[in-house]
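Here is coords-v8.txt, consisting of compact mmCIF, C-alpha atoms:
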```
# COMPACT_ATOMS: atom_id res chain seq x y z
CA MET A 231 84.44 99.29 142.40
CA ASP A 232 84.89 102.89 143.48
CA TYR A 233 84.97 105.86 141.13
CA GLU A 234 87.17 108.90 141.78
CA THR A 235 86.15 112.35 140.57
CA TYR A 236 88.21 115.49 141.13
CA TYR A 237 87.12 119.11 141.42
CA GLU A 238 89.14 122.27 141.95
CA ILE A 239 87.35 125.19 143.62
CA ALA A 240 89.22 128.34 144.67
CA GLY A 241 92.47 126.38 144.43
CA VAL A 242 91.18 123.63 146.75
CA VAL A 243 91.26 120.15 145.18
CA ILE A 244 88.40 117.92 146.34
CA LYS A 245 88.36 114.21 145.53
CA VAL A 246 84.96 112.48 145.51
CA VAL A 247 85.02 108.71 146.02
CA SER A 248 81.76 106.95 145.16
CA PRO A 249 80.52 103.45 144.29
CA PHE A 250 78.70 104.94 141.29
CA PRO A 251 79.79 107.28 138.47
CA PHE A 252 79.63 110.77 140.00
CA TYR A 253 78.22 113.47 137.74
CA ALA A 254 77.12 116.98 138.68
CA GLU A 255 76.20 119.31 135.83
CA ASN A 256 76.95 122.46 137.78
CA GLY A 257 80.41 121.12 138.64
CA GLU A 258 81.58 120.25 135.13
CA ASP A 259 83.55 123.47 134.71
CA PHE A 260 85.38 122.66 137.96
CA ARG A 261 86.42 119.12 137.05
CA CYS A 262 90.16 118.59 137.01
CA GLU A 263 92.63 115.82 136.33
CA ASN A 264 93.67 113.46 139.09
CA LYS A 265 95.99 115.34 141.42
CA ASP A 266 96.90 115.45 145.09
CA ALA A 267 93.65 116.15 146.93
CA ASP A 268 93.32 118.67 149.75
CA PHE A 269 90.03 117.09 150.86
CA THR A 270 88.45 113.68 150.20
CA PHE A 271 84.70 113.10 150.31
CA TYR A 272 83.23 109.58 150.38
CA PHE A 273 79.78 108.30 149.40
CA LYS A 274 78.87 105.16 151.36
CA HIS A 275 75.69 103.09 151.32
CA THR A 276 73.80 102.27 154.52
CA ASN A 277 70.49 100.66 155.41
CA ASP A 278 70.14 102.76 158.55
CA ILE A 279 70.55 106.53 158.24
CA GLU A 280 69.15 107.19 161.71
CA GLN A 281 72.12 105.54 163.44
CA TYR A 282 74.36 108.38 162.31
CA LEU A 283 72.09 110.94 163.99
CA GLU A 284 72.05 109.31 167.42
CA GLY A 285 73.39 111.60 170.13
CA LYS A 286 73.45 114.63 167.86
CA LYS A 287 71.62 117.88 168.52
CA LEU A 288 69.25 119.44 165.99
CA ILE A 289 70.42 123.01 165.39
CA GLY A 290 68.61 124.11 162.24
CA LYS A 291 66.10 123.32 159.53
CA CYS A 292 65.53 124.29 155.91
CA LEU A 293 63.18 123.11 153.17
CA TRP A 294 65.25 120.11 152.17
CA ALA A 295 67.48 119.24 155.14
CA ASP A 296 67.94 119.27 158.91
CA GLU A 297 71.23 120.28 160.49
CA TYR A 298 72.77 118.58 163.52
CA VAL A 299 75.96 118.84 165.52
CA GLY A 300 77.55 116.08 167.61
CA GLU A 301 79.20 116.33 171.00
CA ASP A 302 82.53 116.19 169.18
CA GLY A 303 81.57 119.36 167.28
CA HIS A 304 81.25 117.64 163.92
CA PHE A 305 78.59 119.11 161.66
CA CYS A 306 75.94 116.88 160.14
CA ARG A 307 73.31 117.63 157.49
CA ALA A 308 70.47 115.13 156.98
CA PHE A 309 68.59 115.48 153.69
CA LEU A 310 64.86 114.84 153.52
CA TRP A 311 62.76 113.15 150.85
CA GLU A 312 59.07 112.50 151.43
CA ASP A 313 59.53 113.24 155.16
CA LYS A 314 62.31 110.68 155.54
CA TYR A 315 66.07 111.05 155.67
CA TYR A 316 67.79 109.53 152.67
CA THR A 317 71.31 110.93 153.16
CA GLU A 318 73.40 112.02 156.12
CA VAL A 319 76.48 114.14 155.54
CA THR A 320 79.20 114.60 158.14
CA ILE A 321 82.40 116.63 157.88
CA HIS A 322 84.70 114.46 160.00
CA SER A 323 88.01 116.31 159.91
CA ALA A 324 90.11 118.90 158.12
CA THR A 325 90.67 116.48 155.25
CA GLU A 326 87.69 114.07 155.08
CA GLY A 327 83.91 113.97 154.94
CA VAL A 328 81.29 111.34 154.14
CA CYS A 329 77.77 111.09 152.77
CA TYR A 330 75.85 108.02 153.91
CA TYR A 331 72.97 107.34 151.56
CA SER A 332 70.13 104.84 151.76
CA SER A 333 69.22 104.59 148.07
CA SER A 334 71.12 105.34 144.87
CA GLU A 335 67.72 105.43 143.13
CA ILE A 336 66.63 108.38 145.29
CA LEU A 337 69.93 110.16 144.57
CA ALA A 338 69.31 109.68 140.85
CA GLU A 339 65.70 110.83 141.15
CA ARG A 340 66.70 113.94 143.08
CA ALA A 341 69.42 114.68 140.51
CA GLU A 342 66.86 114.44 137.69
CA ALA A 343 64.72 116.93 139.63
CA GLY A 344 67.63 119.38 139.61
CA PHE A 345 69.13 118.67 143.05
CA GLU A 346 72.81 118.52 142.18
CA LEU A 347 75.01 115.87 143.79
CA LEU A 348 77.52 118.54 144.83
CA MET A 349 74.90 119.82 147.29
CA TYR A 350 75.69 116.81 149.47
CA LEU A 351 79.29 117.88 149.98
CA CYS A 352 78.53 120.89 152.23
CA LEU A 353 81.06 122.86 150.19
CA GLU A 354 80.84 125.96 152.41
CA LEU A 355 82.29 124.03 155.34
CA ILE A 356 84.95 122.28 153.27
CA LEU A 357 86.12 125.58 151.79
CA LEU A 358 86.15 127.29 155.19
CA LYS A 359 88.74 124.76 156.31
CA PHE A 360 90.99 126.37 153.69
CA ASP A 361 90.14 129.94 154.75
CA ALA A 362 87.67 130.49 151.91
CA ILE A 363 84.21 131.96 152.44
CA VAL A 364 81.15 131.78 150.21
CA LEU A 365 79.31 135.06 149.65
CA HIS A 366 75.74 135.39 148.38
CA SER A 367 76.60 137.53 145.37
CA SER A 368 77.01 137.86 141.62
CA HIS A 369 80.61 137.39 140.43
CA LEU A 370 81.83 139.46 137.49
CA LYS A 371 85.12 139.44 135.64
CA VAL A 372 85.99 142.91 134.36
CA GLY A 373 89.27 142.86 132.45
CA GLU A 374 91.76 141.14 134.75
CA HIS A 375 89.84 142.02 137.91
CA GLY A 376 86.85 140.60 139.74
CA ILE A 377 84.01 142.44 141.46
CA VAL A 378 81.04 141.10 143.37
CA PHE A 379 77.53 142.48 143.75
CA SER A 380 75.99 141.44 147.05
CA GLY A 381 73.02 142.35 149.20
CA PRO A 382 69.67 141.02 150.38
CA SER A 383 67.29 139.24 148.04
CA GLY A 384 65.73 141.65 145.57
CA ALA A 385 68.59 144.16 145.81
CA GLY A 386 69.32 143.80 142.10
CA LYS A 387 72.45 141.61 141.98
CA SER A 388 71.43 139.76 138.83
CA THR A 389 70.11 142.92 137.16
CA GLN A 390 73.31 144.89 137.74
CA ALA A 391 75.41 141.95 136.56
CA GLU A 392 73.40 141.77 133.34
CA LEU A 393 73.77 145.54 132.83
CA TRP A 394 77.54 145.30 133.24
CA GLU A 395 77.61 142.42 130.80
CA GLU A 396 75.62 144.45 128.27
CA HIS A 397 77.29 147.86 128.60
CA VAL A 398 80.85 147.07 129.76
CA GLY A 399 81.46 143.64 128.31
CA ALA A 400 81.95 142.09 131.75
CA LYS A 401 81.70 138.32 132.04
CA VAL A 402 79.32 136.93 134.64
CA LEU A 403 80.89 133.84 136.23
CA ASN A 404 78.14 133.23 138.76
CA GLY A 405 74.78 134.84 139.36
CA ASP A 406 74.31 133.84 143.00
CA ARG A 407 77.50 132.71 144.79
CA SER A 408 81.16 133.72 144.94
CA VAL A 409 84.06 132.11 146.76
CA LEU A 410 86.42 134.61 148.37
CA ARG A 411 89.87 133.40 149.37
CA LYS A 412 93.14 135.05 150.31
CA ILE A 413 96.01 133.45 148.39
CA ASP A 414 99.63 134.55 148.86
CA GLY A 415 98.50 137.78 150.51
CA THR A 416 95.89 138.75 147.89
CA TRP A 417 92.12 138.32 148.12
CA TYR A 418 90.64 136.60 145.08
CA VAL A 419 87.08 136.05 143.94
CA CYS A 420 86.74 132.54 142.58
CA GLY A 421 84.15 130.63 140.63
CA CYS A 422 81.62 128.55 142.55
CA PRO A 423 79.58 125.54 141.33
CA MET A 424 76.63 126.55 143.50
CA SER A 425 74.59 129.15 141.65
CA GLY A 426 71.02 129.18 142.97
CA THR A 427 68.49 129.73 140.21
CA SER A 428 70.89 131.79 138.07
CA GLY A 429 72.22 128.73 136.22
CA ILE A 430 75.60 130.45 135.78
CA HIS A 431 78.51 128.59 137.38
CA LEU A 432 81.85 129.04 135.65
CA GLN A 433 85.42 128.49 136.76
CA GLY A 434 87.55 131.59 137.28
CA ARG A 435 89.85 133.41 139.70
CA GLU A 436 90.62 137.11 139.68
CA PRO A 437 92.04 139.59 142.20
CA LEU A 438 89.04 141.03 144.05
CA HIS A 439 88.79 144.71 143.14
CA ASP A 440 85.68 145.65 145.10
CA VAL A 441 82.70 144.37 147.07
CA VAL A 442 79.56 146.29 146.10
CA MET A 443 76.59 146.06 148.46
CA LEU A 444 73.44 146.93 146.54
CA ARG A 445 70.16 148.62 147.32
CA HIS A 446 67.52 149.52 144.75
CA CYS A 447 66.62 153.21 144.58
CA ASP A 448 65.27 155.76 142.11
CA GLU A 449 68.55 157.69 142.29
CA ASN A 450 72.16 156.55 142.08
CA HIS A 451 74.32 157.12 145.16
CA ILE A 452 77.57 155.44 146.16
CA GLU A 453 79.66 155.63 149.32
CA ARG A 454 82.70 153.79 150.66
CA ILE A 455 81.86 152.00 153.90
CA ARG A 456 84.25 150.68 156.52
CA GLY A 457 84.45 149.06 159.91
CA VAL A 458 81.27 148.07 161.69
CA GLN A 459 79.02 149.36 158.90
CA ALA A 460 80.81 147.27 156.28
CA PHE A 461 80.82 144.22 158.57
CA ARG A 462 77.07 144.51 159.15
CA GLU A 463 76.48 144.61 155.41
CA VAL A 464 78.75 141.70 154.46
CA MET A 465 78.30 139.26 157.34
CA PRO A 466 74.61 138.38 156.69
CA GLN A 467 75.45 137.43 153.09
CA ILE A 468 77.97 134.74 154.09
CA THR A 469 76.34 131.37 153.42
CA THR A 470 78.52 129.26 155.74
CA PRO A 471 76.51 127.58 158.54
CA LEU A 472 77.69 129.19 161.79
CA TYR A 473 76.90 126.42 164.23
CA ASN A 474 79.80 126.63 166.64
CA LYS A 475 82.14 129.25 168.10
CA GLU A 476 85.21 128.01 166.23
CA TYR A 477 83.59 128.34 162.80
CA THR A 478 81.98 131.66 163.67
CA LYS A 479 85.30 133.10 164.83
CA ARG A 480 87.05 131.87 161.69
CA VAL A 481 84.44 133.52 159.46
CA MET A 482 84.57 136.76 161.44
CA ASP A 483 88.37 136.87 161.30
CA LEU A 484 88.32 136.30 157.53
CA ILE A 485 85.72 139.04 157.01
CA GLU A 486 87.78 141.43 159.12
CA ASP A 487 90.84 140.70 156.98
CA LEU A 488 88.78 141.09 153.80
CA LEU A 489 87.40 144.48 154.90
CA ASN A 490 90.91 145.70 155.75
CA SER A 491 92.19 144.64 152.33
CA VAL A 492 89.42 145.23 149.78
CA PRO A 493 87.19 148.32 149.33
CA VAL A 494 83.51 147.88 150.15
CA HIS A 495 80.92 150.26 148.70
CA LEU A 496 77.24 150.71 149.47
CA TYR A 497 75.47 151.49 146.21
CA THR A 498 71.84 152.55 146.01
CA CYS A 499 71.04 152.61 142.33
CA ARG A 500 68.65 152.49 139.44
CA LYS A 501 68.23 149.46 137.23
CA ASP A 502 69.55 151.03 134.05
CA LYS A 503 72.73 152.06 132.23
CA SER A 504 73.23 155.15 134.41
CA ALA A 505 73.99 152.87 137.37
CA VAL A 506 76.77 151.20 135.39
CA VAL A 507 78.32 154.47 134.30
CA MET A 508 78.40 155.92 137.81
CA LEU A 509 79.79 152.79 139.47
CA LYS A 510 82.42 152.17 136.81
CA GLU A 511 83.72 155.69 137.27
CA ALA A 512 83.71 155.40 141.06
CA LEU A 513 85.56 152.10 141.04
CA GLN A 514 87.99 153.25 138.34
CA ILE A 515 87.79 149.89 136.64
```
For the file at hand, write its structure as structure tokens.
Amino acid sequence: MDYETYYEIAGVVIKVVSPFPFYAENGEDFRCENKDADFTFYFKHTNDIEQYLEGKKLIGKCLWADEYVGEDGHFCRAFLWEDKYYTEVTIHSATEGVCYYSSSEILAERAEAGFELLMYLCLELILLKFDAIVLHSSHLKVGEHGIVFSGPSGAGKSTQAELWEEHVGAKVLNGDRSVLRKIDGTWYVCGCPMSGTSGIHLQGREPLHDVVMLRHCDENHIERIRGVQAFREVMPQITTPLYNKEYTKRVMDLIEDLLNSVPVHLYTCRKDKSAVVMLKEALQI
């Protein structure tokens, strides 16, 4: 018996088909009723993970997974547990992907340890197929608009989001990731189930008012940035794996469109109320 679970992220409906009840705590706000799926992701059991890596080239490593690409250009992420692969995830086409897993017990154990099942979907690549990009940022809803705070680790994204929540009444929808997607000619910032250590992952979609690139400083200073400078600030904060020319070009084209459509500001600021006051006035929001 297969179970079907549906999620809607940035207007993209993803159907998960699994031989076990699929539950992901960080995805609960994104669950939706059965509807026509844009993308279907399958979980399938196998006794031999390694067979799905044969002929593929290792292109990257992180703490919990290795990344491969096949001669056909298909991306593959192999997840590690005790120095052995226990899942292999491949995005096969524009509409389908699969996770081969060796043990449902390991999946359950990893889930109990806080490794959410949605991590196995490679959501950044699925969303990119629908011209959506994931930005390392805090996502705030201010009135009917959305703004994002982005920048390198330690820049103060979470701190500024909390200050806006306290002093402006903004609602923080995510403390670590935002999905940006152009829909009917307008760029939107959308909720994302991936949220790092922030633990904040709420559904939402608002017209994107501004992208604010942060730097910590003892004085507040804001400037509008454009062109190459804006690109150099935003591009490193995109979380999509850029493993081939096609995907890299798609991301770069989307960023170019974003920068031509939405203001980007570089904000060096203090970690107090004065930073909120100055930025709110500058953004006129």
Any chance you could tabulate, as JSON lines, the residues of region 481-506 of chain A at most 8 Å from region 446-459 of chain A with each one's nearest atom pair and distance in Å to one decimal, using all atoms listed in the file, in chain and rising number order?
```
{"residue": "A:Leu489", "atom": "CA", "partner": "A:Arg456", "partner_atom": "CA", "distance": 7.1}
{"residue": "A:Pro493", "atom": "CA", "partner": "A:Arg454", "partner_atom": "CA", "distance": 7.2}
{"residue": "A:Val494", "atom": "CA", "partner": "A:Ile455", "partner_atom": "CA", "distance": 5.8}
{"residue": "A:His495", "atom": "CA", "partner": "A:Arg454", "partner_atom": "CA", "distance": 4.4}
{"residue": "A:Leu496", "atom": "CA", "partner": "A:Glu453", "partner_atom": "CA", "distance": 5.5}
{"residue": "A:Tyr497", "atom": "CA", "partner": "A:Ile452", "partner_atom": "CA", "distance": 4.5}
{"residue": "A:Thr498", "atom": "CA", "partner": "A:His451", "partner_atom": "CA", "distance": 5.3}
{"residue": "A:Cys499", "atom": "CA", "partner": "A:Asn450", "partner_atom": "CA", "distance": 4.1}
{"residue": "A:Arg500", "atom": "CA", "partner": "A:Asp448", "partner_atom": "CA", "distance": 5.4}
{"residue": "A:Lys501", "atom": "CA", "partner": "A:His446", "partner_atom": "CA", "distance": 7.6}
{"residue": "A:Ser504", "atom": "CA", "partner": "A:Asn450", "partner_atom": "CA", "distance": 7.9}
{"residue": "A:Ala505", "atom": "CA", "partner": "A:Asn450", "partner_atom": "CA", "distance": 6.3}
```
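Distance check against Lys287 (chain A) using only C-alpha atoms: of A:Gly257, A:Glu335, A:Gly376, A:Tyr473, the minimum falls on A:Tyr473.
Among the candidates A:Glu255, A:Asn490, A:His304, A:Lys503, the residue lying nearest to Ile430 (chain A) is A:Glu255 (atoms considered: all atoms listed in the file).
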Problem - region 407-419 of chain A surroundings by all atoms listed in the file, 7 Å radius, close-in-sequence under 5 positions cut, as an NGL selection string - result: :A and (240 or 361-369 or 376 or 424-425 or 435-438)
Handout entry: Test item: which residues lie within 12 Å of (75.1, 134.2, 157.9) counting all atoms listed in the file, as a PyMOL selection string
Key = chain A and resi 354+363-366+382+461-473+477-478+481-482+485
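Among A:Phe345, A:Phe269, A:Tyr236, A:Tyr315, the residue with the shortest atom-to-atom distance to Leu358 (chain A), counting only C-alpha atoms, is A:Phe269.
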Fill in the blank from the handout: Of A:Phe271, A:Tyr298, A:Tyr350, A:Phe360, the one sitting nearest His322 (chain A) when using all atoms listed in the file is A:Phe271
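Nearest to Trp294 (chain A) of all the residues A:Leu403, A:Cys329, A:Cys262, A:Met349 is A:Met349, based on only C-alpha atoms.
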Handout entry: Nearest candidate to Glu297 (chain A) (options A:Cys352, A:Gly429, A:Phe252, A:Lys401; using only C-alpha atoms)
Key = A:Cys352
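Interatomic distance, CA of Ala254 (chain A) to CA of Leu337 (chain A): 11.5 Å.
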Exercise for the section: Could you give me, as a PyMOL selection string, the residues within 9 Å of Val492 (chain A), counting all atoms listed in the file and dropping anything in the same chain fewer than 4 positions from it? Expected result: chain A and resi 417+438-441+487-488
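For the atom pair formed by CA of Lys479 (chain A) and CA of Asp268 (chain A), the distance is 22.4 Å, given to one decimal.
Counting from CA of Gly434 (chain A), the distance to CA of Ala400 (chain A) is 13.1 Å.
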Problem - Glu280 (chain A) environment, 9 Å, only C-alpha atoms, sequence neighbours closer than 3 positions dropped, as a count of residues only - result: 4
Problem - Neighbours of point (77.5, 114.9, 167.4) within 7 Å, using all atoms listed in the file, written as a list in words - result: Gly285, Lys286, Lys287, Val299, Gly300, Glu301, Asp302, Gly303 and His304 of chain A
Filled-in N, CA and C atoms of region 295-316 of chain A, supplied as an mmCIF file, in the frame of the given file:
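The file below, selection_24.cif, is the result:
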```cif
data_model
loop_
_atom_site.group_PDB
_atom_site.id
_atom_site.type_symbol
_atom_site.label_atom_id
_atom_site.label_comp_id
_atom_site.auth_asym_id
_atom_site.auth_seq_id
_atom_site.Cartn_x
_atom_site.Cartn_y
_atom_site.Cartn_z
ATOM 1 N N ALA A 295 66.534 119.921 154.259
ATOM 2 C CA ALA A 295 67.480 119.240 155.140
ATOM 3 C C ALA A 295 67.363 119.740 156.569
ATOM 4 N N ASP A 296 67.793 118.900 157.504
ATOM 5 C CA ASP A 296 67.940 119.270 158.910
ATOM 6 C C ASP A 296 69.421 119.268 159.249
ATOM 7 N N GLU A 297 69.823 120.167 160.142
ATOM 8 C CA GLU A 297 71.230 120.280 160.490
ATOM 9 C C GLU A 297 71.439 119.893 161.960
ATOM 10 N N TYR A 298 72.458 119.080 162.189
ATOM 11 C CA TYR A 298 72.770 118.580 163.520
ATOM 12 C C TYR A 298 74.239 118.848 163.834
ATOM 13 N N VAL A 299 74.563 118.789 165.109
ATOM 14 C CA VAL A 299 75.960 118.840 165.520
ATOM 15 C C VAL A 299 76.147 117.819 166.641
ATOM 16 N N GLY A 300 77.259 117.073 166.591
ATOM 17 C CA GLY A 300 77.550 116.080 167.610
ATOM 18 C C GLY A 300 78.311 116.672 168.770
ATOM 19 N N GLU A 301 78.458 115.874 169.832
ATOM 20 C CA GLU A 301 79.200 116.330 171.000
ATOM 21 C C GLU A 301 80.655 116.617 170.656
ATOM 22 N N ASP A 302 81.151 115.966 169.605
ATOM 23 C CA ASP A 302 82.530 116.190 169.180
ATOM 24 C C ASP A 302 82.674 117.447 168.322
ATOM 25 N N GLY A 303 81.540 118.134 168.071
ATOM 26 C CA GLY A 303 81.570 119.360 167.280
ATOM 27 C C GLY A 303 81.444 119.158 165.801
ATOM 28 N N HIS A 304 81.356 117.913 165.348
ATOM 29 C CA HIS A 304 81.250 117.640 163.920
ATOM 30 C C HIS A 304 79.856 118.005 163.405
ATOM 31 N N PHE A 305 79.837 118.679 162.276
ATOM 32 C CA PHE A 305 78.590 119.110 161.660
ATOM 33 C C PHE A 305 77.976 117.978 160.850
ATOM 34 N N CYS A 306 76.663 117.913 160.861
ATOM 35 C CA CYS A 306 75.940 116.880 160.140
ATOM 36 C C CYS A 306 74.716 117.503 159.473
ATOM 37 N N ARG A 307 74.498 117.165 158.213
ATOM 38 C CA ARG A 307 73.310 117.630 157.490
ATOM 39 C C ARG A 307 72.553 116.413 156.974
ATOM 40 N N ALA A 308 71.298 116.267 157.379
ATOM 41 C CA ALA A 308 70.470 115.130 156.980
ATOM 42 C C ALA A 308 69.427 115.612 155.978
ATOM 43 N N PHE A 309 69.467 115.041 154.779
ATOM 44 C CA PHE A 309 68.590 115.480 153.690
ATOM 45 C C PHE A 309 67.290 114.686 153.694
ATOM 46 N N LEU A 310 66.198 115.415 153.450
ATOM 47 C CA LEU A 310 64.860 114.840 153.520
ATOM 48 C C LEU A 310 64.286 114.576 152.142
ATOM 49 N N TRP A 311 63.524 113.479 152.053
ATOM 50 C CA TRP A 311 62.760 113.150 150.850
ATOM 51 C C TRP A 311 61.491 112.430 151.281
ATOM 52 N N GLU A 312 60.354 113.052 151.008
ATOM 53 C CA GLU A 312 59.070 112.500 151.430
ATOM 54 C C GLU A 312 59.058 112.236 152.931
ATOM 55 N N ASP A 313 59.533 113.244 153.694
ATOM 56 C CA ASP A 313 59.530 113.240 155.160
ATOM 57 C C ASP A 313 60.431 112.177 155.774
ATOM 58 N N LYS A 314 61.361 111.638 155.012
ATOM 59 C CA LYS A 314 62.310 110.680 155.540
ATOM 60 C C LYS A 314 63.723 111.082 155.129
ATOM 61 N N TYR A 315 64.680 110.780 156.008
ATOM 62 C CA TYR A 315 66.070 111.050 155.670
ATOM 63 C C TYR A 315 66.566 110.001 154.680
ATOM 64 N N TYR A 316 67.219 110.472 153.622
ATOM 65 C CA TYR A 316 67.790 109.530 152.670
ATOM 66 C C TYR A 316 69.309 109.686 152.529
#
```
